[in-house]
>>> print(open('target.cif').read())   # mmCIF, C-alpha atoms and all ligand atoms
data_target
#
loop_
_atom_site.label_atom_id
_atom_site.label_comp_id
_atom_site.auth_asym_id
_atom_site.auth_seq_id
_atom_site.Cartn_x
_atom_site.Cartn_y
_atom_site.Cartn_z
CA MET A 21 -22.66 -29.95 -12.22
CA SER A 22 -25.91 -28.13 -11.54
CA VAL A 23 -25.41 -25.04 -9.42
CA SER A 24 -28.20 -23.86 -7.09
CA GLN A 25 -28.49 -20.10 -7.13
CA PRO A 26 -27.72 -17.77 -5.52
CA VAL A 27 -24.13 -18.84 -4.88
CA PHE A 28 -22.36 -17.66 -1.71
CA ALA A 29 -18.64 -18.33 -2.07
CA ALA A 30 -15.97 -17.68 0.56
CA ASN A 31 -12.43 -16.97 -0.63
CA TRP A 32 -10.26 -17.25 2.46
CA LYS A 33 -7.03 -16.39 0.60
CA MET A 34 -4.02 -16.97 2.93
CA HIS A 35 -6.08 -17.23 6.13
CA LEU A 36 -7.12 -20.20 8.32
CA GLY A 37 -4.81 -23.20 8.51
CA PRO A 38 -6.15 -26.69 9.34
CA SER A 39 -7.08 -26.02 12.97
CA GLY A 40 -8.58 -22.59 12.25
CA THR A 41 -10.54 -24.15 9.40
CA ALA A 42 -11.97 -26.91 11.63
CA ALA A 43 -13.01 -24.34 14.26
CA PHE A 44 -14.63 -22.12 11.62
CA VAL A 45 -16.63 -25.01 10.13
CA ARG A 46 -17.98 -26.05 13.54
CA ASP A 47 -19.03 -22.49 14.32
CA PHE A 48 -20.51 -21.79 10.88
CA ALA A 49 -22.39 -25.12 10.68
CA ALA A 50 -24.16 -24.30 13.94
CA ARG A 51 -25.33 -20.98 12.47
CA HIS A 52 -26.27 -22.06 8.94
CA GLU A 53 -28.96 -24.65 8.19
CA PRO A 54 -28.64 -26.70 4.98
CA ALA A 55 -30.62 -24.87 2.27
CA PRO A 56 -31.28 -26.42 -1.15
CA ASP A 57 -32.21 -23.04 -2.68
CA ARG A 58 -28.59 -21.82 -2.65
CA SER A 59 -24.98 -22.95 -2.98
CA VAL A 60 -22.48 -22.26 -0.20
CA VAL A 61 -18.88 -22.89 -1.27
CA PHE A 62 -15.61 -22.38 0.63
CA PHE A 63 -12.18 -21.85 -0.85
CA PRO A 64 -9.71 -22.39 2.03
CA PRO A 65 -5.94 -22.49 1.54
CA SER A 66 -5.09 -25.84 -0.07
CA ILE A 67 -3.32 -27.04 3.08
CA SER A 68 -6.70 -26.84 4.85
CA LEU A 69 -8.81 -28.74 2.29
CA THR A 70 -8.66 -32.05 4.14
CA ALA A 71 -9.37 -30.42 7.52
CA PHE A 72 -12.41 -28.73 5.96
CA ARG A 73 -13.73 -31.96 4.50
CA HIS A 74 -13.36 -33.79 7.81
CA ALA A 75 -14.93 -30.98 9.84
CA ALA A 76 -17.84 -30.68 7.37
CA GLY A 77 -18.26 -34.47 7.18
CA SER A 78 -21.95 -34.50 8.03
CA ARG A 79 -22.70 -31.32 6.07
CA PRO A 80 -22.36 -31.99 2.34
CA ASP A 81 -24.18 -28.70 1.70
CA LEU A 82 -20.96 -26.91 2.72
CA GLN A 83 -19.12 -27.29 -0.56
CA LEU A 84 -15.39 -27.14 -1.03
CA GLY A 85 -13.12 -25.56 -3.61
CA VAL A 86 -9.45 -24.91 -4.27
CA GLN A 87 -8.04 -21.38 -4.70
CA ASP A 88 -5.43 -22.22 -7.33
CA VAL A 89 -3.96 -25.20 -9.14
CA HIS A 90 -0.96 -25.76 -11.40
CA GLN A 91 -1.71 -26.14 -15.09
CA GLU A 92 0.04 -29.54 -15.24
CA ARG A 93 -1.26 -32.80 -13.78
CA PHE A 94 1.95 -33.67 -11.88
CA GLY A 95 5.68 -33.16 -12.11
CA ALA A 96 8.69 -31.21 -10.86
CA HIS A 97 6.86 -28.04 -9.76
CA THR A 98 7.99 -27.38 -6.20
CA GLY A 99 5.29 -25.90 -4.01
CA ALA A 100 2.45 -26.40 -6.50
CA ILE A 101 -0.59 -28.65 -6.29
CA SER A 102 -2.61 -30.15 -9.13
CA ALA A 103 -6.35 -30.10 -9.74
CA GLU A 104 -6.39 -33.89 -9.36
CA MET A 105 -4.83 -33.59 -5.89
CA ALA A 106 -7.41 -30.98 -4.89
CA ALA A 107 -10.19 -33.29 -6.11
CA ASP A 108 -8.62 -36.14 -4.15
CA ALA A 109 -8.71 -33.92 -1.03
CA GLY A 110 -12.45 -33.33 -1.51
CA ALA A 111 -12.61 -30.14 -3.60
CA ARG A 112 -15.40 -29.89 -6.19
CA TRP A 113 -14.78 -26.28 -7.29
CA GLY A 114 -11.72 -24.28 -8.31
CA LEU A 115 -10.96 -20.57 -8.72
CA ALA A 116 -8.94 -19.37 -11.69
CA GLY A 117 -7.79 -15.90 -12.66
CA HIS A 118 -8.20 -14.16 -9.31
CA SER A 119 -6.67 -10.69 -9.58
CA GLU A 120 -4.23 -11.49 -6.75
CA ARG A 121 -2.94 -14.45 -8.77
CA ARG A 122 -2.70 -12.29 -11.89
CA ARG A 123 -0.88 -9.49 -10.05
CA GLU A 124 1.33 -11.32 -7.52
CA PHE A 125 2.07 -14.54 -9.38
CA GLY A 126 1.92 -13.43 -13.00
CA ASP A 127 -1.03 -15.59 -14.07
CA THR A 128 -1.62 -14.49 -17.67
CA ASP A 129 -4.83 -14.97 -19.65
CA ALA A 130 -3.23 -17.97 -21.39
CA LEU A 131 -2.21 -19.54 -18.07
CA VAL A 132 -5.66 -18.90 -16.61
CA ALA A 133 -7.20 -20.64 -19.63
CA ALA A 134 -4.86 -23.64 -19.13
CA LYS A 135 -5.82 -23.82 -15.45
CA VAL A 136 -9.54 -23.72 -16.26
CA LYS A 137 -9.00 -26.59 -18.71
CA ARG A 138 -7.14 -28.56 -16.07
CA LEU A 139 -9.88 -27.97 -13.49
CA TYR A 140 -12.46 -29.38 -15.93
CA GLU A 141 -10.24 -32.37 -16.69
CA ALA A 142 -10.08 -33.15 -12.96
CA GLY A 143 -13.87 -32.94 -12.68
CA LEU A 144 -13.92 -29.63 -10.77
CA GLN A 145 -16.28 -26.71 -11.40
CA PRO A 146 -14.16 -23.71 -12.38
CA VAL A 147 -14.99 -20.14 -11.35
CA LEU A 148 -13.29 -17.71 -13.72
CA CYS A 149 -12.49 -14.40 -11.98
CA VAL A 150 -12.32 -11.29 -14.14
CA GLY A 151 -12.23 -7.58 -13.40
CA GLU A 152 -10.63 -4.25 -14.21
CA THR A 153 -8.21 -2.08 -12.23
CA LEU A 154 -9.17 1.46 -11.26
CA ASP A 155 -6.91 2.85 -13.97
CA GLU A 156 -8.50 0.61 -16.59
CA ARG A 157 -11.98 1.73 -15.50
CA GLU A 158 -11.08 5.41 -15.40
CA THR A 159 -9.48 5.29 -18.84
CA GLY A 160 -12.57 3.68 -20.37
CA ARG A 161 -11.07 0.22 -20.82
CA LEU A 162 -13.51 -1.80 -18.68
CA GLU A 163 -15.14 -3.57 -21.60
CA GLU A 164 -11.87 -4.20 -23.43
CA VAL A 165 -10.37 -5.85 -20.32
CA LEU A 166 -13.39 -8.03 -19.52
CA SER A 167 -13.68 -9.06 -23.13
CA ARG A 168 -10.00 -10.08 -23.29
CA GLN A 169 -10.12 -12.01 -20.01
CA VAL A 170 -13.28 -13.94 -20.92
CA GLY A 171 -12.34 -14.41 -24.57
CA ALA A 172 -8.99 -16.03 -23.79
CA VAL A 173 -10.68 -18.70 -21.68
CA LEU A 174 -13.75 -19.37 -23.84
CA ALA A 175 -11.49 -19.85 -26.88
CA ALA A 176 -9.75 -22.73 -25.07
CA LEU A 177 -12.94 -24.55 -23.99
CA ASP A 178 -15.17 -27.07 -25.71
CA GLY A 179 -18.96 -26.80 -25.91
CA ASP A 180 -19.89 -28.50 -22.64
CA GLU A 181 -17.25 -26.56 -20.75
CA ARG A 182 -18.48 -23.25 -22.17
CA GLU A 183 -21.97 -24.07 -21.02
CA SER A 184 -21.08 -24.71 -17.41
CA LEU A 185 -18.35 -22.14 -16.69
CA VAL A 186 -19.13 -19.96 -13.65
CA TYR A 187 -17.81 -16.37 -13.58
CA ALA A 188 -16.93 -13.91 -10.83
CA TYR A 189 -16.84 -10.23 -11.72
CA GLU A 190 -14.43 -8.66 -9.24
CA PRO A 191 -13.38 -5.08 -9.91
CA VAL A 192 -9.81 -4.93 -8.60
CA TRP A 193 -10.40 -1.52 -6.98
CA ALA A 194 -13.17 -3.03 -4.83
CA ILE A 195 -11.20 -6.02 -3.51
CA GLY A 196 -10.19 -5.65 0.11
CA THR A 197 -10.61 -1.88 -0.07
CA GLY A 198 -14.01 -1.45 1.57
CA ARG A 199 -15.02 0.32 -1.63
CA THR A 200 -17.85 -1.74 -3.12
CA ALA A 201 -19.18 -1.36 -6.64
CA THR A 202 -22.67 0.10 -6.54
CA PRO A 203 -25.45 -2.32 -7.45
CA ALA A 204 -25.80 -0.34 -10.70
CA ASP A 205 -22.05 -0.72 -11.49
CA ALA A 206 -22.32 -4.46 -10.84
CA ALA A 207 -25.46 -4.78 -12.97
CA ASP A 208 -23.77 -2.90 -15.86
CA ALA A 209 -20.65 -5.07 -15.78
CA HIS A 210 -22.67 -8.28 -15.47
CA ARG A 211 -24.86 -7.23 -18.41
CA PHE A 212 -21.76 -6.58 -20.53
CA LEU A 213 -20.21 -9.91 -19.51
CA ARG A 214 -23.40 -11.76 -20.38
CA GLU A 215 -23.52 -10.12 -23.81
CA GLU A 216 -19.87 -10.94 -24.39
CA ILE A 217 -20.31 -14.58 -23.35
CA GLY A 218 -23.34 -14.63 -25.66
CA ARG A 219 -21.26 -13.32 -28.54
CA LEU A 220 -18.29 -15.64 -27.91
CA ALA A 221 -20.24 -18.82 -27.00
CA SER A 222 -23.97 -18.54 -27.77
CA PRO A 223 -26.81 -16.23 -26.69
CA GLU A 224 -28.37 -19.06 -24.63
CA ILE A 225 -25.11 -19.72 -22.81
CA GLY A 226 -24.75 -15.98 -22.15
CA SER A 227 -28.24 -15.60 -20.73
CA ARG A 228 -27.90 -18.68 -18.49
CA ALA A 229 -24.32 -18.01 -17.29
CA VAL A 230 -23.89 -17.87 -13.52
CA ILE A 231 -22.04 -14.63 -12.71
CA LEU A 232 -21.01 -13.77 -9.14
CA TYR A 233 -20.01 -10.34 -7.88
CA GLY A 234 -16.94 -9.94 -5.64
CA GLY A 235 -15.28 -6.98 -3.93
CA SER A 236 -15.92 -5.83 -0.34
CA VAL A 237 -19.19 -7.76 0.01
CA LYS A 238 -20.38 -7.68 3.62
CA PRO A 239 -23.56 -8.22 5.64
CA ALA A 240 -24.49 -4.54 5.21
CA ASN A 241 -24.45 -4.54 1.39
CA ILE A 242 -25.31 -8.13 0.44
CA ALA A 243 -29.05 -7.55 0.00
CA ALA A 244 -28.60 -4.64 -2.42
CA LEU A 245 -25.90 -6.40 -4.45
CA LEU A 246 -27.85 -9.63 -4.72
CA ALA A 247 -30.90 -7.68 -5.85
CA ALA A 248 -28.94 -6.10 -8.72
CA GLU A 249 -29.95 -7.38 -12.13
CA GLY A 250 -27.87 -10.30 -13.35
CA VAL A 251 -26.03 -10.89 -10.05
CA ASP A 252 -26.32 -14.64 -9.35
CA GLY A 253 -24.27 -14.74 -6.18
CA VAL A 254 -21.18 -13.37 -4.48
CA LEU A 255 -17.53 -14.20 -3.90
CA VAL A 256 -16.57 -12.89 -0.46
CA GLY A 257 -13.05 -12.39 0.87
CA GLY A 258 -12.53 -10.56 4.18
CA ALA A 259 -16.11 -10.81 5.42
CA SER A 260 -16.13 -14.59 4.90
CA LEU A 261 -13.58 -15.07 7.70
CA ASP A 262 -16.19 -14.30 10.36
CA PRO A 263 -18.57 -17.28 10.79
CA GLU A 264 -21.38 -15.10 12.11
CA GLY A 265 -21.06 -12.47 9.39
CA PHE A 266 -20.74 -15.02 6.59
CA ALA A 267 -23.77 -16.94 7.92
CA ALA A 268 -25.71 -13.65 7.77
CA ILE A 269 -24.53 -13.11 4.18
CA CYS A 270 -25.64 -16.65 3.26
CA LYS A 271 -29.20 -15.89 4.40
CA ALA A 272 -29.60 -13.06 1.90
CA GLY A 273 -32.29 -13.21 -0.73
CA ARG A 274 -34.74 -15.05 1.49
CA GLY A 275 -37.25 -12.27 1.96
CA ALA A 276 -35.96 -11.49 5.43
CA GLY A 277 -32.78 -10.26 3.63
P1 LIG B 1 -12.92 -8.93 -0.43
O1 LIG B 1 -12.28 -9.99 -1.47
O2 LIG B 1 -14.34 -9.40 -0.15
O3 LIG B 1 -12.04 -8.98 0.78
O4 LIG B 1 -12.92 -7.61 -1.11
C1 LIG B 1 -13.04 -10.54 -2.51
C2 LIG B 1 -12.16 -11.45 -3.37
O5 LIG B 1 -11.00 -11.12 -3.60
O6 LIG B 1 -12.59 -12.53 -3.81
#
>>> encode(input="target.cif", output="structure tokens", more="lines below")
Ligand code: PGA
Amino acid sequence: MSVSQPVFAANWKMHLGPSGTAAFVRDFAARHEPAPDRSVVFFPPSISLTAFRHAAGSRPDLQLGVQDVHQERFGAHTGAISAEMAADAGARWGLAGHSERRREFGDTDALVAAKVKRLYEAGLQPVLCVGETLDERETGRLEEVLSRQVGAVLAALDGDERESLVYAYEPVWAIGTGRTATPADAADAHRFLREEIGRLASPEIGSRAVILYGGSVKPANIAALLAAEGVDGVLVGGASLDPEGFAAICKAGRGAG
């Protein structure tokens, strides 16, 4: 899948059921014109995927993704959904490794790698989320953590998959806290990730990798973050729940900011 950059991705987490999703899409679509020079992707709760697809019926530029999938294709896994089911519901993207999944649900590096594999097998574009906690950053373990999280997944992928994997660098201490990484912090982490992907896959794959920044992105800081070196887009949580604010974010990088 070719990905237009920059990428503006909305992670709604456990917000907006089917009717809230339909209302959001109507509001957002009226504020955001289709734009081929960027990707706009929404990750609603899985119960709202179908409502999103119906509400966005005439707007294929509003792309759809799933927040989490089970690592198996089907079976006795009460409460879970598979990547194939998400694809059937209209999803084309899938998140894996979000820090909330790692922390609340125990998604390990090995499980994240299995989920990324499954997303590829179902024809979805995975976005691998990585990032360090405050303690890991303050004790000098940023690079060790990013390297481990990326390495576990790249080791499980074949060549084509390695080439197309999309990444989101999300420092855990910046998620939902209002405390954003500075553009310089983001640029440093993205540079390290790119080098690491280059070392583990190939230098070309590292230099071309699409790496998003996530963590308290909002209309007031989007221009500076997007201007940081190596930042190819953003993954937005809280601020993506406001159609007006997210439409403003999705205009960034167009000269007018
Ligand atoms: P936030 O969340 O924008 O609310 O910090 C980002 C994310 O978790 O993807």
>>> closest_residue(input="target.cif", among="A:Arg79, A:Lys271, A:Arg93, A:His35", to="Ala134 in chain A", atoms="only C-alpha atoms")
A:Arg93
>>> axis_aligned_box(input="target.cif", around="range 163-167 of chain A", padding_each_side="3 Å", output="AutoDock Vina command-line options")
--center_x -12.8 --center_y -6.3 --center_z -21.5 --size_x 10.8 --size_y 11.5 --size_z 9.9
>>> residues_around(input="target.cif", residues="range 261-269 of chain A", least_positions_apart="5", cutoff="10 Å", atoms="only C-alpha atoms", output="count of residues only")
31
>>> residues_near_ligand(input="target.cif", ligand="ligand LIG 1 (chain B)", cutoff="7 Å", atoms="only C-alpha atoms and all ligand atoms", output="ChimeraX atom specification")
/A:31,190,194-198,234-237,255-259
>>> atom_distance(input="target.cif", atom1="CA of Pro38 in chain A", atom2="CA of Gln83 in chain A")
16.3 Å
>>> residues_around(input="target.cif", residues="Ser184 in chain A", least_positions_apart="4", cutoff="12 Å", atoms="only C-alpha atoms", output="list in words")
Met21, Ser22, Val23, Val136, Tyr140, Gly143, Leu144, Gln145, Pro146, Val147, Leu148, Leu174, Leu177, Asp178, Gly179, Asp180, Ile217, Ala221, Glu224, Ile225, Gly226, Arg228, Ala229, Val230 and Ile231 of chain A
>>> residues_near_point(input="target.cif", point="(-21.1, -30.8, 2.2)", cutoff="12 Å", atoms="only C-alpha atoms", output="ChimeraX atom specification")
/A:45,49,53-56,59-62,72-85,110-112
>>> atom_distance(input="target.cif", atom1="CA of Ala188 in chain A", atom2="CA of Leu115 in chain A")
9.2 Å
>>> closest_atom_pairs(input="target.cif", of="range 177-232 of chain A", to="range 153-171 of chain A", cutoff="10 Å", atoms="all atoms listed in the file", output="tab-separated table")
residue	atom	partner	partner_atom	distance
A:Tyr187	CA	A:Val170	CA	9.0
A:Tyr189	CA	A:Leu166	CA	8.8
A:Glu190	CA	A:Thr153	CA	9.5
A:Pro191	CA	A:Thr153	CA	6.4
A:Val192	CA	A:Thr153	CA	4.9
A:Trp193	CA	A:Leu154	CA	5.4
A:Ala194	CA	A:Leu154	CA	8.8
A:Ala209	CA	A:Glu163	CA	8.2
A:Phe212	CA	A:Glu163	CA	7.4
A:Leu213	CA	A:Leu166	CA	7.1
A:Glu215	CA	A:Ser167	CA	9.9
A:Glu216	CA	A:Ser167	CA	6.6
A:Ile217	CA	A:Val170	CA	7.5
A:Arg219	CA	A:Gly171	CA	9.8
A:Leu220	CA	A:Gly171	CA	6.9
A:Ala221	CA	A:Gly171	CA	9.4
>>> write_last_selection(input="target.cif", atoms="C-alpha atoms", output="JSON list (two decimals), keeping the file's coordinate frame")
[["chain", "number", "residue", "atom", "x", "y", "z"],
["A", 187, "TYR", "CA", -17.81, -16.37, -13.58],
["A", 189, "TYR", "CA", -16.84, -10.23, -11.72],
["A", 190, "GLU", "CA", -14.43, -8.66, -9.24],
["A", 191, "PRO", "CA", -13.38, -5.08, -9.91],
["A", 192, "VAL", "CA", -9.81, -4.93, -8.60],
["A", 193, "TRP", "CA", -10.40, -1.52, -6.98],
["A", 194, "ALA", "CA", -13.17, -3.03, -4.83],
["A", 209, "ALA", "CA", -20.65, -5.07, -15.78],
["A", 212, "PHE", "CA", -21.76, -6.58, -20.53],
["A", 213, "LEU", "CA", -20.21, -9.91, -19.51],
["A", 215, "GLU", "CA", -23.52, -10.12, -23.81],
["A", 216, "GLU", "CA", -19.87, -10.94, -24.39],
["A", 217, "ILE", "CA", -20.31, -14.58, -23.35],
["A", 219, "ARG", "CA", -21.26, -13.32, -28.54],
["A", 220, "LEU", "CA", -18.29, -15.64, -27.91],
["A", 221, "ALA", "CA", -20.24, -18.82, -27.00]]
>>> atom_distance(input="target.cif", atom1="CA of Trp113 in chain A", atom2="CA of Ile101 in chain A")
14.4 Å
>>> residues_around(input="target.cif", residues="Ser119 in chain A", least_positions_apart="4", cutoff="8 Å", atoms="only C-alpha atoms", output="ChimeraX atom specification")
/A:123,149-151,192
